[in-house]
file protein13.cif (mmCIF, C-alpha atoms)
data_input
#
loop_
_atom_site.label_atom_id
_atom_site.label_comp_id
_atom_site.auth_asym_id
_atom_site.auth_seq_id
_atom_site.Cartn_x
_atom_site.Cartn_y
_atom_site.Cartn_z
CA MET A 118 -49.96 51.65 -24.09
CA ASN A 119 -47.19 51.08 -21.50
CA ALA A 120 -48.78 51.89 -18.16
CA SER A 121 -45.49 52.56 -16.38
CA GLU A 122 -44.64 55.34 -18.84
CA GLY A 123 -47.86 57.28 -18.35
CA TYR A 124 -49.24 59.20 -21.31
CA LYS A 125 -47.41 60.45 -24.38
CA HIS A 126 -50.17 62.18 -26.38
CA PRO A 127 -52.28 64.29 -23.99
CA ALA A 128 -55.15 66.63 -24.74
CA ILE A 129 -57.00 69.08 -22.51
CA ALA A 130 -60.61 70.06 -23.26
CA GLY A 131 -61.47 73.57 -22.08
CA SER A 132 -60.30 77.14 -22.38
CA GLY A 133 -60.33 78.49 -18.83
CA THR A 134 -57.54 79.01 -16.32
CA ILE A 135 -57.31 75.37 -15.21
CA ALA A 136 -57.40 74.02 -18.78
CA THR A 137 -54.77 76.39 -20.13
CA GLY A 138 -52.55 76.00 -17.08
CA LEU A 139 -52.65 72.20 -17.35
CA ALA A 140 -52.04 72.30 -21.11
CA ALA A 141 -49.02 74.57 -20.64
CA THR A 142 -47.65 72.27 -17.94
CA ALA A 143 -48.13 69.22 -20.18
CA THR A 144 -46.00 70.74 -22.96
CA ALA A 145 -42.98 70.13 -20.74
CA THR A 146 -43.44 66.41 -21.49
CA GLY A 147 -44.21 66.69 -25.21
CA LYS A 148 -46.80 67.69 -27.80
CA THR A 149 -50.15 68.66 -26.28
CA LEU A 150 -53.56 69.39 -27.78
CA LEU A 151 -56.02 71.91 -26.35
CA LEU A 152 -59.65 71.55 -27.44
CA ALA A 153 -61.69 74.76 -27.31
CA ARG A 154 -65.38 75.20 -28.00
CA SER A 155 -65.15 78.04 -30.55
CA ASP A 156 -62.64 80.01 -32.59
CA ALA A 157 -62.93 82.92 -30.17
CA SER A 158 -62.29 80.77 -27.10
CA ALA A 159 -59.47 78.98 -28.95
CA TRP A 160 -57.71 82.29 -29.58
CA ARG A 161 -58.04 83.32 -25.92
CA ALA A 162 -56.95 79.88 -24.70
CA GLU A 163 -53.85 79.87 -26.89
CA GLU A 164 -52.89 83.30 -25.60
CA LYS A 165 -53.29 82.19 -21.95
CA ALA A 166 -51.44 78.90 -22.44
CA THR A 167 -48.57 80.58 -24.29
CA ALA A 168 -48.18 83.09 -21.46
CA ALA A 169 -48.22 80.25 -18.91
CA CYS A 170 -45.55 78.31 -20.84
CA ALA A 171 -43.15 81.21 -20.38
CA LYS A 172 -43.33 80.70 -16.60
CA ILE A 173 -42.83 76.91 -16.54
CA GLU A 174 -39.41 75.30 -16.69
CA GLY A 175 -39.23 72.98 -19.68
CA ALA A 176 -42.55 74.08 -21.15
CA ASP A 177 -42.61 75.00 -24.84
CA SER A 178 -45.53 76.74 -26.50
CA SER A 179 -44.40 75.40 -29.91
CA ARG A 180 -45.51 71.95 -28.67
CA LEU A 181 -49.07 73.19 -28.10
CA LYS A 182 -51.77 72.90 -30.76
CA VAL A 183 -55.19 74.46 -30.19
CA THR A 184 -58.17 73.04 -32.06
CA THR A 185 -61.95 73.24 -32.09
CA ASP A 186 -62.41 69.86 -33.80
CA PRO A 187 -62.80 66.81 -31.50
CA ALA A 188 -61.72 64.59 -34.39
CA ASP A 189 -58.17 65.92 -33.92
CA LEU A 190 -58.03 64.00 -30.62
CA ALA A 191 -58.20 60.60 -32.37
CA ASP A 192 -54.61 59.60 -31.56
CA CYS A 193 -54.53 60.90 -27.97
CA ASP A 194 -53.95 58.49 -25.08
CA ILE A 195 -55.39 60.81 -22.38
CA VAL A 196 -57.99 63.58 -22.65
CA VAL A 197 -58.69 65.70 -19.57
CA GLU A 198 -61.96 67.64 -19.42
CA ALA A 199 -61.69 71.01 -17.65
CA VAL A 200 -64.94 72.89 -18.20
CA ILE A 201 -67.76 74.33 -16.09
CA GLU A 202 -68.92 72.42 -12.96
CA ASP A 203 -72.10 71.07 -14.53
CA LEU A 204 -72.76 67.33 -14.70
CA LYS A 205 -74.72 67.50 -17.95
CA VAL A 206 -72.18 69.71 -19.72
CA LYS A 207 -69.27 67.52 -18.63
CA GLY A 208 -71.07 64.30 -19.52
CA GLU A 209 -72.00 65.47 -23.01
CA LEU A 210 -68.48 66.74 -23.74
CA LEU A 211 -66.86 63.54 -22.47
CA SER A 212 -69.26 61.44 -24.52
CA THR A 213 -68.14 63.30 -27.64
CA ILE A 214 -64.47 63.11 -26.68
CA GLY A 215 -64.72 59.41 -25.88
CA ALA A 216 -66.11 58.69 -29.34
CA SER A 217 -63.43 60.83 -31.01
CA ALA A 218 -60.55 59.30 -29.02
CA PRO A 219 -61.54 55.62 -28.70
CA ASP A 220 -58.20 54.47 -27.26
CA ALA A 221 -57.72 57.32 -24.77
CA ASP A 222 -58.20 57.29 -21.03
CA LEU A 223 -60.54 60.11 -19.96
CA ALA A 224 -60.36 62.35 -16.91
CA THR A 225 -62.15 65.28 -15.29
CA THR A 226 -60.75 68.13 -13.24
CA THR A 227 -63.99 68.49 -11.27
CA SER A 228 -63.52 69.91 -7.79
CA SER A 229 -66.96 69.12 -6.37
CA LEU A 230 -68.98 66.67 -8.48
CA SER A 231 -69.08 62.87 -8.21
CA VAL A 232 -66.49 61.29 -10.50
CA GLY A 233 -68.57 58.12 -10.70
CA GLU A 234 -71.65 60.06 -11.81
CA ILE A 235 -69.71 61.97 -14.47
CA GLY A 236 -68.27 58.69 -15.72
CA LYS A 237 -71.75 57.17 -16.02
CA SER A 238 -73.02 60.28 -17.78
CA SER A 239 -70.15 60.10 -20.27
CA GLY A 240 -70.85 56.48 -21.20
CA HIS A 241 -67.14 55.68 -20.85
CA GLY A 242 -66.86 54.91 -17.13
CA ASP A 243 -64.47 51.99 -17.70
CA ARG A 244 -61.66 54.36 -18.74
CA PHE A 245 -62.59 57.40 -16.69
CA PHE A 246 -61.08 58.94 -13.54
CA GLY A 247 -60.83 62.18 -11.58
CA LEU A 248 -57.71 64.33 -11.89
CA HIS A 249 -58.20 67.36 -9.66
CA VAL A 250 -55.42 69.90 -10.12
CA PHE A 251 -55.16 73.20 -8.27
CA ASN A 252 -54.93 76.80 -9.40
CA PRO A 253 -52.39 78.02 -10.46
CA VAL A 254 -51.64 74.66 -12.07
CA PRO A 255 -48.00 75.40 -12.99
CA ARG A 256 -47.11 76.12 -9.35
CA MET A 257 -49.37 73.86 -7.28
CA LYS A 258 -47.82 70.44 -6.69
CA LEU A 259 -50.81 68.35 -5.58
CA VAL A 260 -53.13 66.30 -7.77
CA GLU A 261 -56.09 64.53 -6.17
CA LEU A 262 -56.69 61.32 -8.13
CA CYS A 263 -60.03 59.53 -7.85
CA PHE A 264 -60.67 56.12 -9.42
CA PRO A 265 -64.33 55.08 -9.24
CA ASP A 266 -65.45 51.45 -9.29
CA GLY A 267 -65.29 49.75 -12.67
CA VAL A 268 -62.20 51.48 -14.05
CA ASP A 269 -60.02 49.24 -16.23
CA ASN A 270 -56.74 47.83 -14.96
CA GLY A 271 -53.80 50.01 -15.94
CA VAL A 272 -55.58 53.38 -15.74
CA LYS A 273 -54.33 54.04 -12.21
CA GLU A 274 -50.73 53.19 -13.06
CA ARG A 275 -50.79 55.38 -16.17
CA ALA A 276 -52.36 58.30 -14.29
CA LEU A 277 -49.83 58.10 -11.46
CA ALA A 278 -46.92 57.94 -13.90
CA TRP A 279 -48.20 60.96 -15.82
CA CYS A 280 -48.61 63.03 -12.65
CA GLY A 281 -44.99 62.21 -11.83
CA ALA A 282 -43.88 63.27 -15.31
CA LEU A 283 -45.71 66.59 -14.80
CA GLY A 284 -43.76 67.14 -11.57
CA LYS A 285 -46.84 66.69 -9.39
CA THR A 286 -47.49 64.69 -6.23
CA ALA A 287 -50.57 62.51 -6.62
CA VAL A 288 -52.75 61.40 -3.70
CA GLU A 289 -55.57 58.93 -4.26
CA VAL A 290 -58.78 60.23 -2.64
CA PRO A 291 -62.33 58.90 -2.15
CA ASP A 292 -65.15 59.84 -4.50
CA GLN A 293 -66.85 62.35 -2.20
CA ALA A 294 -67.83 65.92 -3.01
CA GLY A 295 -64.80 68.17 -2.61
CA PHE A 296 -62.49 65.16 -2.26
CA VAL A 297 -60.12 66.04 0.64
CA VAL A 298 -58.81 69.57 0.10
CA ASN A 299 -62.07 71.37 -0.66
CA ARG A 300 -63.99 69.25 1.84
CA LEU A 301 -61.73 70.60 4.60
CA LEU A 302 -60.88 74.02 3.15
CA PHE A 303 -64.27 75.53 2.37
CA PRO A 304 -65.77 75.39 5.87
CA TYR A 305 -62.76 77.46 6.97
CA LEU A 306 -63.14 79.94 4.09
CA PHE A 307 -66.88 80.28 4.66
CA ASP A 308 -66.39 80.78 8.39
CA ALA A 309 -64.16 83.76 7.61
CA VAL A 310 -67.09 85.32 5.71
CA ARG A 311 -69.40 84.61 8.64
CA MET A 312 -66.83 86.31 10.87
CA LEU A 313 -67.34 89.49 8.83
CA GLU A 314 -71.11 89.11 9.12
CA ARG A 315 -70.98 88.64 12.90
CA THR A 316 -68.34 91.19 13.86
CA GLY A 317 -68.22 93.90 11.21
CA MET A 318 -64.45 93.43 10.88
CA GLU A 319 -62.71 94.50 7.67
CA PRO A 320 -61.53 91.78 5.26
CA GLY A 321 -57.93 92.91 5.63
CA GLU A 322 -58.13 92.54 9.40
CA VAL A 323 -59.39 88.97 9.24
CA ASP A 324 -56.82 88.03 6.61
CA SER A 325 -53.98 89.63 8.57
CA CYS A 326 -54.90 87.52 11.60
CA MET A 327 -54.54 84.34 9.54
CA THR A 328 -51.41 85.31 7.58
CA LEU A 329 -49.51 86.81 10.52
CA GLY A 330 -50.96 84.69 13.31
CA ALA A 331 -51.38 81.30 11.63
CA GLY A 332 -48.66 81.64 9.00
CA HIS A 333 -50.98 81.12 6.04
CA PRO A 334 -49.59 82.47 2.72
CA MET A 335 -52.97 84.07 1.91
CA GLY A 336 -55.87 85.06 4.10
CA PRO A 337 -59.19 83.21 3.58
CA LEU A 338 -61.01 86.16 2.04
CA ALA A 339 -58.17 86.80 -0.41
CA VAL A 340 -58.31 83.10 -1.29
CA LEU A 341 -62.03 83.35 -2.04
CA ASP A 342 -61.41 86.35 -4.30
CA PHE A 343 -58.70 84.35 -6.08
CA VAL A 344 -60.92 81.28 -6.54
CA GLY A 345 -63.90 83.39 -7.62
CA LEU A 346 -66.92 83.87 -5.38
CA ASP A 347 -69.24 82.30 -7.94
CA VAL A 348 -67.01 79.24 -8.17
CA ALA A 349 -66.84 79.08 -4.37
CA GLU A 350 -70.63 79.27 -4.16
CA ALA A 351 -71.00 76.40 -6.64
CA ILE A 352 -68.50 74.28 -4.71
CA GLY A 353 -70.29 75.07 -1.44
CA ASP A 354 -73.66 74.13 -2.92
CA ALA A 355 -72.27 70.78 -4.10
CA LEU A 356 -70.60 70.09 -0.76
CA HIS A 357 -73.75 70.96 1.19
CA ALA A 358 -75.95 68.84 -1.07
CA ASP A 359 -73.64 65.89 -0.45
CA SER A 360 -72.96 66.29 3.27
CA GLY A 361 -75.89 68.26 4.67
CA ASP A 362 -73.33 69.96 6.93
CA ALA A 363 -74.19 73.62 7.65
CA ALA A 364 -70.47 74.42 7.52
CA HIS A 365 -70.53 73.65 3.78
CA LYS A 366 -73.43 76.01 3.00
CA PRO A 367 -72.30 79.22 1.22
CA PRO A 368 -72.66 82.19 3.59
CA GLY A 369 -75.34 84.78 2.88
CA LEU A 370 -72.93 87.71 2.45
CA MET A 371 -71.00 85.88 -0.25
CA VAL A 372 -74.18 84.85 -2.07
CA GLU A 373 -75.30 88.50 -2.04
CA MET A 374 -71.95 89.60 -3.47
CA VAL A 375 -72.24 87.08 -6.30
CA GLY A 376 -75.69 88.46 -7.08
CA GLU A 377 -74.15 91.93 -7.31
CA GLY A 378 -71.48 90.72 -9.75
CA LYS A 379 -68.68 90.99 -7.19
CA LEU A 380 -66.88 87.77 -8.06
CA GLY A 381 -63.36 88.56 -6.87
CA ARG A 382 -60.25 89.23 -8.90
CA LYS A 383 -61.75 88.28 -12.25
CA SER A 384 -64.52 90.89 -11.96
CA GLY A 385 -62.32 93.59 -10.41
CA ALA A 386 -64.10 93.53 -7.04
CA GLY A 387 -64.88 91.05 -4.29
CA PHE A 388 -63.85 91.33 -0.67
CA TYR A 389 -61.13 93.58 -2.08
CA ASP A 390 -61.03 96.02 -5.02
CA TYR A 391 -58.76 95.15 -7.96
CA GLY A 392 -59.29 98.20 -10.11
#

call {"tool": "encode", "arguments": {"input": "protein13.cif", "output": "structure tokens"}}
result
Amino acid sequence: MNASEGYKHPAIAGSGTIATGLAATATATGKTLLLARSDASAWRAEEKATAACAKIEGADSSRLKVTTDPADLADCDIVVEAVIEDLKVKGELLSTIGASAPDADLATTTSSLSVGEIGKSSGHGDRFFGLHVFNPVPRMKLVELCFPDGVDNGVKERALAWCGALGKTAVEVPDQAGFVVNRLLFPYLFDAVRMLERTGMEPGEVDSCMTLGAGHPMGPLAVLDFVGLDVAEAIGDALHADSGDAAHKPPGLMVEMVGEGKLGRKSGAGFYDYG
């Protein structure tokens, strides 16, 4: 494997928004595999990835193959896991993938868990790294790359080259919960929720202050709806467990909303209604 050329036979494991967005983006560089858990999730994932390909310059859905069989990943040189933020689930999946693709580097798109711990759980820490992309993957240019101790020589060079081939800017970050972006972003997002709790302001009023006054493209409450309030709660829990900082603790109002099934855009209601 020529490190300076990056990866030529990628696979993405997962069927959600991040997985399908990354798979669609990867088709711009060549044939790409997408590993789904079941036939039903494979069908949904293929539909999402095909739709995403139509919005990406150079992407081609004919280069995408969706499978439910890990054995199909045998010839891949990189497999990126993009499933639920659960250490056990990720570790078990990566263990299976690592056995099925013995010559592949392995990566995780985790946004809040320790890359080193996932690598240990997978049993393949010597070829494992963090590749945190952002939603929507086709449009967002940053990739946070995290290389824990013990990674083989050449992995970093290959990962950096592949990010460049995908049209992304890679920044190497420390192995801390939330890396850089989420570590700094979520206290701000959570403080916007606490502003509602303290003042009784409307979500649109708070967001207008930040879009019109600070020049942000989206207000913090709209961002939380876009991310998903359940996802935001999980990220906040992981950040708080790591840092102990009260600013990282998910605010009570948001936790209540998650309990009521108000998860943001994906559920049709959050801080805003999407009916």

call {"tool": "closest_residue", "arguments": {"input": "protein13.cif", "among": "A:Ala364, A:Cys263, A:Leu204, A:Val375", "to": "Leu306 (chain A)", "atoms": "all atoms listed in the file"}}
result
A:Ala364

call {"tool": "residues_around", "arguments": {"input": "protein13.cif", "residues": "region 183-189 of chain A", "least_positions_apart": "6", "cutoff": "9 Å", "atoms": "only C-alpha atoms", "output": "PyMOL selection string"}}
result
chain A and resi 149-156+159-160+162-163+213-214+216-218

call {"tool": "write_last_selection", "arguments": {"input": "protein13.cif", "atoms": "C-alpha atoms", "output": "mmCIF file, in the frame of the given file"}}
result
data_model
loop_
_atom_site.group_PDB
_atom_site.id
_atom_site.type_symbol
_atom_site.label_atom_id
_atom_site.label_comp_id
_atom_site.auth_asym_id
_atom_site.auth_seq_id
_atom_site.Cartn_x
_atom_site.Cartn_y
_atom_site.Cartn_z
ATOM 1 C CA THR A 149 -50.150 68.660 -26.280
ATOM 2 C CA LEU A 150 -53.560 69.390 -27.780
ATOM 3 C CA LEU A 151 -56.020 71.910 -26.350
ATOM 4 C CA LEU A 152 -59.650 71.550 -27.440
ATOM 5 C CA ALA A 153 -61.690 74.760 -27.310
ATOM 6 C CA ARG A 154 -65.380 75.200 -28.000
ATOM 7 C CA SER A 155 -65.150 78.040 -30.550
ATOM 8 C CA ASP A 156 -62.640 80.010 -32.590
ATOM 9 C CA ALA A 159 -59.470 78.980 -28.950
ATOM 10 C CA TRP A 160 -57.710 82.290 -29.580
ATOM 11 C CA ALA A 162 -56.950 79.880 -24.700
ATOM 12 C CA GLU A 163 -53.850 79.870 -26.890
ATOM 13 C CA THR A 213 -68.140 63.300 -27.640
ATOM 14 C CA ILE A 214 -64.470 63.110 -26.680
ATOM 15 C CA ALA A 216 -66.110 58.690 -29.340
ATOM 16 C CA SER A 217 -63.430 60.830 -31.010
ATOM 17 C CA ALA A 218 -60.550 59.300 -29.020
#

call {"tool": "atom_distance", "arguments": {"input": "protein13.cif", "atom1": "CA of Ala130 (chain A)", "atom2": "CA of Glu198 (chain A)"}}
result
4.7 Å

call {"tool": "atom_distance", "arguments": {"input": "protein13.cif", "atom1": "CA of Val196 (chain A)", "atom2": "CA of Ala221 (chain A)"}}
result
6.6 Å

call {"tool": "closest_atom_pairs", "arguments": {"input": "protein13.cif", "of": "region 182-293 of chain A", "to": "region 164-169 of chain A", "cutoff": "12 Å", "atoms": "all atoms listed in the file", "output": "JSON lines"}}
result
{"residue": "A:Lys182", "atom": "CA", "partner": "A:Ala166", "partner_atom": "CA", "distance": 10.3}
{"residue": "A:Val183", "atom": "CA", "partner": "A:Ala166", "partner_atom": "CA", "distance": 9.7}
{"residue": "A:Pro253", "atom": "CA", "partner": "A:Ala169", "partner_atom": "CA", "distance": 9.7}
{"residue": "A:Val254", "atom": "CA", "partner": "A:Ala169", "partner_atom": "CA", "distance": 9.5}
{"residue": "A:Pro255", "atom": "CA", "partner": "A:Ala169", "partner_atom": "CA", "distance": 7.7}
{"residue": "A:Arg256", "atom": "CA", "partner": "A:Ala169", "partner_atom": "CA", "distance": 10.5}

call {"tool": "closest_residue", "arguments": {"input": "protein13.cif", "among": "A:Thr142, A:Ser360, A:Thr134, A:Ser228", "to": "Lys258 (chain A)", "atoms": "only C-alpha atoms"}}
result
A:Thr142

call {"tool": "axis_aligned_box", "arguments": {"input": "protein13.cif", "around": "region 368-387 of chain A", "padding_each_side": "5 Å", "output": "AutoDock Vina command-line options"}}
result
--center_x -68.0 --center_y 87.9 --center_z -4.3 --size_x 25.4 --size_y 21.4 --size_z 25.8

call {"tool": "residues_around", "arguments": {"input": "protein13.cif", "residues": "Asp266 (chain A)", "least_positions_apart": "2", "cutoff": "8 Å", "atoms": "only C-alpha atoms", "output": "ChimeraX atom specification"}}
result
/A:233,264,268

call {"tool": "resolve_selection", "arguments": {"input": "protein13.cif", "expression": "the PyMOL selection byres ((chain A and resi 348) around 12)", "output": "PDB file with C-alpha atoms, in the coordinates of the input"}}
result
ATOM      1  CA  ILE A 201     -67.760  74.330 -16.090  1.00  0.00           C
ATOM      2  CA  GLU A 202     -68.920  72.420 -12.960  1.00  0.00           C
ATOM      3  CA  ASP A 203     -72.100  71.070 -14.530  1.00  0.00           C
ATOM      4  CA  THR A 227     -63.990  68.490 -11.270  1.00  0.00           C
ATOM      5  CA  SER A 228     -63.520  69.910  -7.790  1.00  0.00           C
ATOM      6  CA  SER A 229     -66.960  69.120  -6.370  1.00  0.00           C
ATOM      7  CA  ASN A 299     -62.070  71.370  -0.660  1.00  0.00           C
ATOM      8  CA  PHE A 303     -64.270  75.530   2.370  1.00  0.00           C
ATOM      9  CA  VAL A 340     -58.310  83.100  -1.290  1.00  0.00           C
ATOM     10  CA  LEU A 341     -62.030  83.350  -2.040  1.00  0.00           C
ATOM     11  CA  ASP A 342     -61.410  86.350  -4.300  1.00  0.00           C
ATOM     12  CA  PHE A 343     -58.700  84.350  -6.080  1.00  0.00           C
ATOM     13  CA  VAL A 344     -60.920  81.280  -6.540  1.00  0.00           C
ATOM     14  CA  GLY A 345     -63.900  83.390  -7.620  1.00  0.00           C
ATOM     15  CA  LEU A 346     -66.920  83.870  -5.380  1.00  0.00           C
ATOM     16  CA  ASP A 347     -69.240  82.300  -7.940  1.00  0.00           C
ATOM     17  CA  ALA A 349     -66.840  79.080  -4.370  1.00  0.00           C
ATOM     18  CA  GLU A 350     -70.630  79.270  -4.160  1.00  0.00           C
ATOM     19  CA  ALA A 351     -71.000  76.400  -6.640  1.00  0.00           C
ATOM     20  CA  ILE A 352     -68.500  74.280  -4.710  1.00  0.00           C
ATOM     21  CA  GLY A 353     -70.290  75.070  -1.440  1.00  0.00           C
ATOM     22  CA  ASP A 354     -73.660  74.130  -2.920  1.00  0.00           C
ATOM     23  CA  ALA A 355     -72.270  70.780  -4.100  1.00  0.00           C
ATOM     24  CA  PRO A 367     -72.300  79.220   1.220  1.00  0.00           C
ATOM     25  CA  MET A 371     -71.000  85.880  -0.250  1.00  0.00           C
ATOM     26  CA  VAL A 372     -74.180  84.850  -2.070  1.00  0.00           C
ATOM     27  CA  VAL A 375     -72.240  87.080  -6.300  1.00  0.00           C
ATOM     28  CA  LYS A 379     -68.680  90.990  -7.190  1.00  0.00           C
ATOM     29  CA  LEU A 380     -66.880  87.770  -8.060  1.00  0.00           C
ATOM     30  CA  GLY A 381     -63.360  88.560  -6.870  1.00  0.00           C
ATOM     31  CA  LYS A 383     -61.750  88.280 -12.250  1.00  0.00           C
TER      32      LYS A 383
END

call {"tool": "closest_residue", "arguments": {"input": "protein13.cif", "among": "A:Pro265, A:Gly138, A:Gly336, A:Gly271", "to": "Pro291 (chain A)", "atoms": "only C-alpha atoms"}}
result
A:Pro265

call {"tool": "resolve_selection", "arguments": {"input": "protein13.cif", "expression": "the PyMOL selection byres ((chain A and resi 194) around 7)", "output": "list in words"}}
result
Tyr124, Lys125, His126, Pro127, Asp192, Cys193, Ile195, Val196, Asp220, Ala221 and Asp222 of chain A

call {"tool": "write_last_selection", "arguments": {"input": "protein13.cif", "atoms": "C-alpha atoms", "output": "short mmCIF file (atom, residue, chain, number, x, y, z; two decimals), keeping the file's coordinate frame"}}
result
data_model
loop_
_atom_site.label_atom_id
_atom_site.label_comp_id
_atom_site.auth_asym_id
_atom_site.auth_seq_id
_atom_site.Cartn_x
_atom_site.Cartn_y
_atom_site.Cartn_z
CA TYR A 124 -49.24 59.20 -21.31
CA LYS A 125 -47.41 60.45 -24.38
CA HIS A 126 -50.17 62.18 -26.38
CA PRO A 127 -52.28 64.29 -23.99
CA ASP A 192 -54.61 59.60 -31.56
CA CYS A 193 -54.53 60.90 -27.97
CA ILE A 195 -55.39 60.81 -22.38
CA VAL A 196 -57.99 63.58 -22.65
CA ASP A 220 -58.20 54.47 -27.26
CA ALA A 221 -57.72 57.32 -24.77
CA ASP A 222 -58.20 57.29 -21.03
#

call {"tool": "closest_residue", "arguments": {"input": "protein13.cif", "among": "A:Met374, A:Val323, A:Ala171, A:Leu210", "to": "Asp308 (chain A)", "atoms": "only C-alpha atoms"}}
result
A:Val323

call {"tool": "atom_distance", "arguments": {"input": "protein13.cif", "atom1": "CA of Leu181 (chain A)", "atom2": "CA of Ala136 (chain A)"}}
result
12.5 Å

call {"tool": "residues_around", "arguments": {"input": "protein13.cif", "residues": "Gly267 (chain A)", "least_positions_apart": "5", "cutoff": "9 Å", "atoms": "all atoms listed in the file", "output": "JSON, numbers by chain"}}
result
{"A": [242, 243, 244]}

call {"tool": "closest_residue", "arguments": {"input": "protein13.cif", "among": "A:Gly332, A:Gly376, A:Gly147, A:Pro320", "to": "Asp390 (chain A)", "atoms": "only C-alpha atoms"}}
result
A:Pro320

call {"tool": "closest_residue", "arguments": {"input": "protein13.cif", "among": "A:Ile235, A:Tyr305, A:Ser179, A:Leu190", "to": "Val206 (chain A)", "atoms": "all atoms listed in the file"}}
result
A:Ile235

call {"tool": "residues_near_point", "arguments": {"input": "protein13.cif", "point": "(-58.1, 69.8, -9.4)", "cutoff": "8 Å", "atoms": "only C-alpha atoms", "output": "number ranges by chain"}}
result
A: 226-228, 248-252, 260-261

call {"tool": "write_last_selection", "arguments": {"input": "protein13.cif", "atoms": "C-alpha atoms", "output": "CSV table (one decimal), in the coordinates of the input"}}
result
chain,number,residue,atom,x,y,z
A,226,THR,CA,-60.8,68.1,-13.2
A,227,THR,CA,-64.0,68.5,-11.3
A,228,SER,CA,-63.5,69.9,-7.8
A,248,LEU,CA,-57.7,64.3,-11.9
A,249,HIS,CA,-58.2,67.4,-9.7
A,250,VAL,CA,-55.4,69.9,-10.1
A,251,PHE,CA,-55.2,73.2,-8.3
A,252,ASN,CA,-54.9,76.8,-9.4
A,260,VAL,CA,-53.1,66.3,-7.8
A,261,GLU,CA,-56.1,64.5,-6.2

call {"tool": "build_atoms", "arguments": {"input": "protein13.cif", "residues": "region 266-277 of chain A", "atoms": "N, CA and C atoms", "output": "mmCIF file, in the coordinates of the input"}}
result
data_model
loop_
_atom_site.group_PDB
_atom_site.id
_atom_site.type_symbol
_atom_site.label_atom_id
_atom_site.label_comp_id
_atom_site.auth_asym_id
_atom_site.auth_seq_id
_atom_site.Cartn_x
_atom_site.Cartn_y
_atom_site.Cartn_z
ATOM 1 N N ASP A 266 -65.307 52.873 -9.019
ATOM 2 C CA ASP A 266 -65.450 51.450 -9.290
ATOM 3 C C ASP A 266 -65.651 51.215 -10.790
ATOM 4 N N GLY A 267 -65.075 50.135 -11.275
ATOM 5 C CA GLY A 267 -65.290 49.750 -12.670
ATOM 6 C C GLY A 267 -64.246 50.246 -13.641
ATOM 7 N N VAL A 268 -63.241 50.970 -13.161
ATOM 8 C CA VAL A 268 -62.200 51.480 -14.050
ATOM 9 C C VAL A 268 -61.274 50.326 -14.450
ATOM 10 N N ASP A 269 -60.876 50.304 -15.710
ATOM 11 C CA ASP A 269 -60.020 49.240 -16.230
ATOM 12 C C ASP A 269 -58.672 49.184 -15.510
ATOM 13 N N ASN A 270 -58.092 47.993 -15.478
ATOM 14 C CA ASN A 270 -56.740 47.830 -14.960
ATOM 15 C C ASN A 270 -55.766 48.621 -15.831
ATOM 16 N N GLY A 271 -54.804 49.247 -15.202
ATOM 17 C CA GLY A 271 -53.800 50.010 -15.940
ATOM 18 C C GLY A 271 -54.024 51.500 -15.910
ATOM 19 N N VAL A 272 -55.287 51.938 -15.757
ATOM 20 C CA VAL A 272 -55.580 53.380 -15.740
ATOM 21 C C VAL A 272 -54.871 54.051 -14.566
ATOM 22 N N LYS A 273 -54.950 53.438 -13.390
ATOM 23 C CA LYS A 273 -54.330 54.040 -12.210
ATOM 24 C C LYS A 273 -52.818 54.190 -12.394
ATOM 25 N N GLU A 274 -52.186 53.149 -12.883
ATOM 26 C CA GLU A 274 -50.730 53.190 -13.060
ATOM 27 C C GLU A 274 -50.333 54.261 -14.065
ATOM 28 N N ARG A 275 -51.089 54.358 -15.156
ATOM 29 C CA ARG A 275 -50.790 55.380 -16.170
ATOM 30 C C ARG A 275 -50.977 56.786 -15.601
ATOM 31 N N ALA A 276 -52.066 56.975 -14.856
ATOM 32 C CA ALA A 276 -52.360 58.300 -14.290
ATOM 33 C C ALA A 276 -51.278 58.716 -13.292
ATOM 34 N N LEU A 277 -50.876 57.789 -12.436
ATOM 35 C CA LEU A 277 -49.830 58.100 -11.460
ATOM 36 C C LEU A 277 -48.514 58.439 -12.143
#
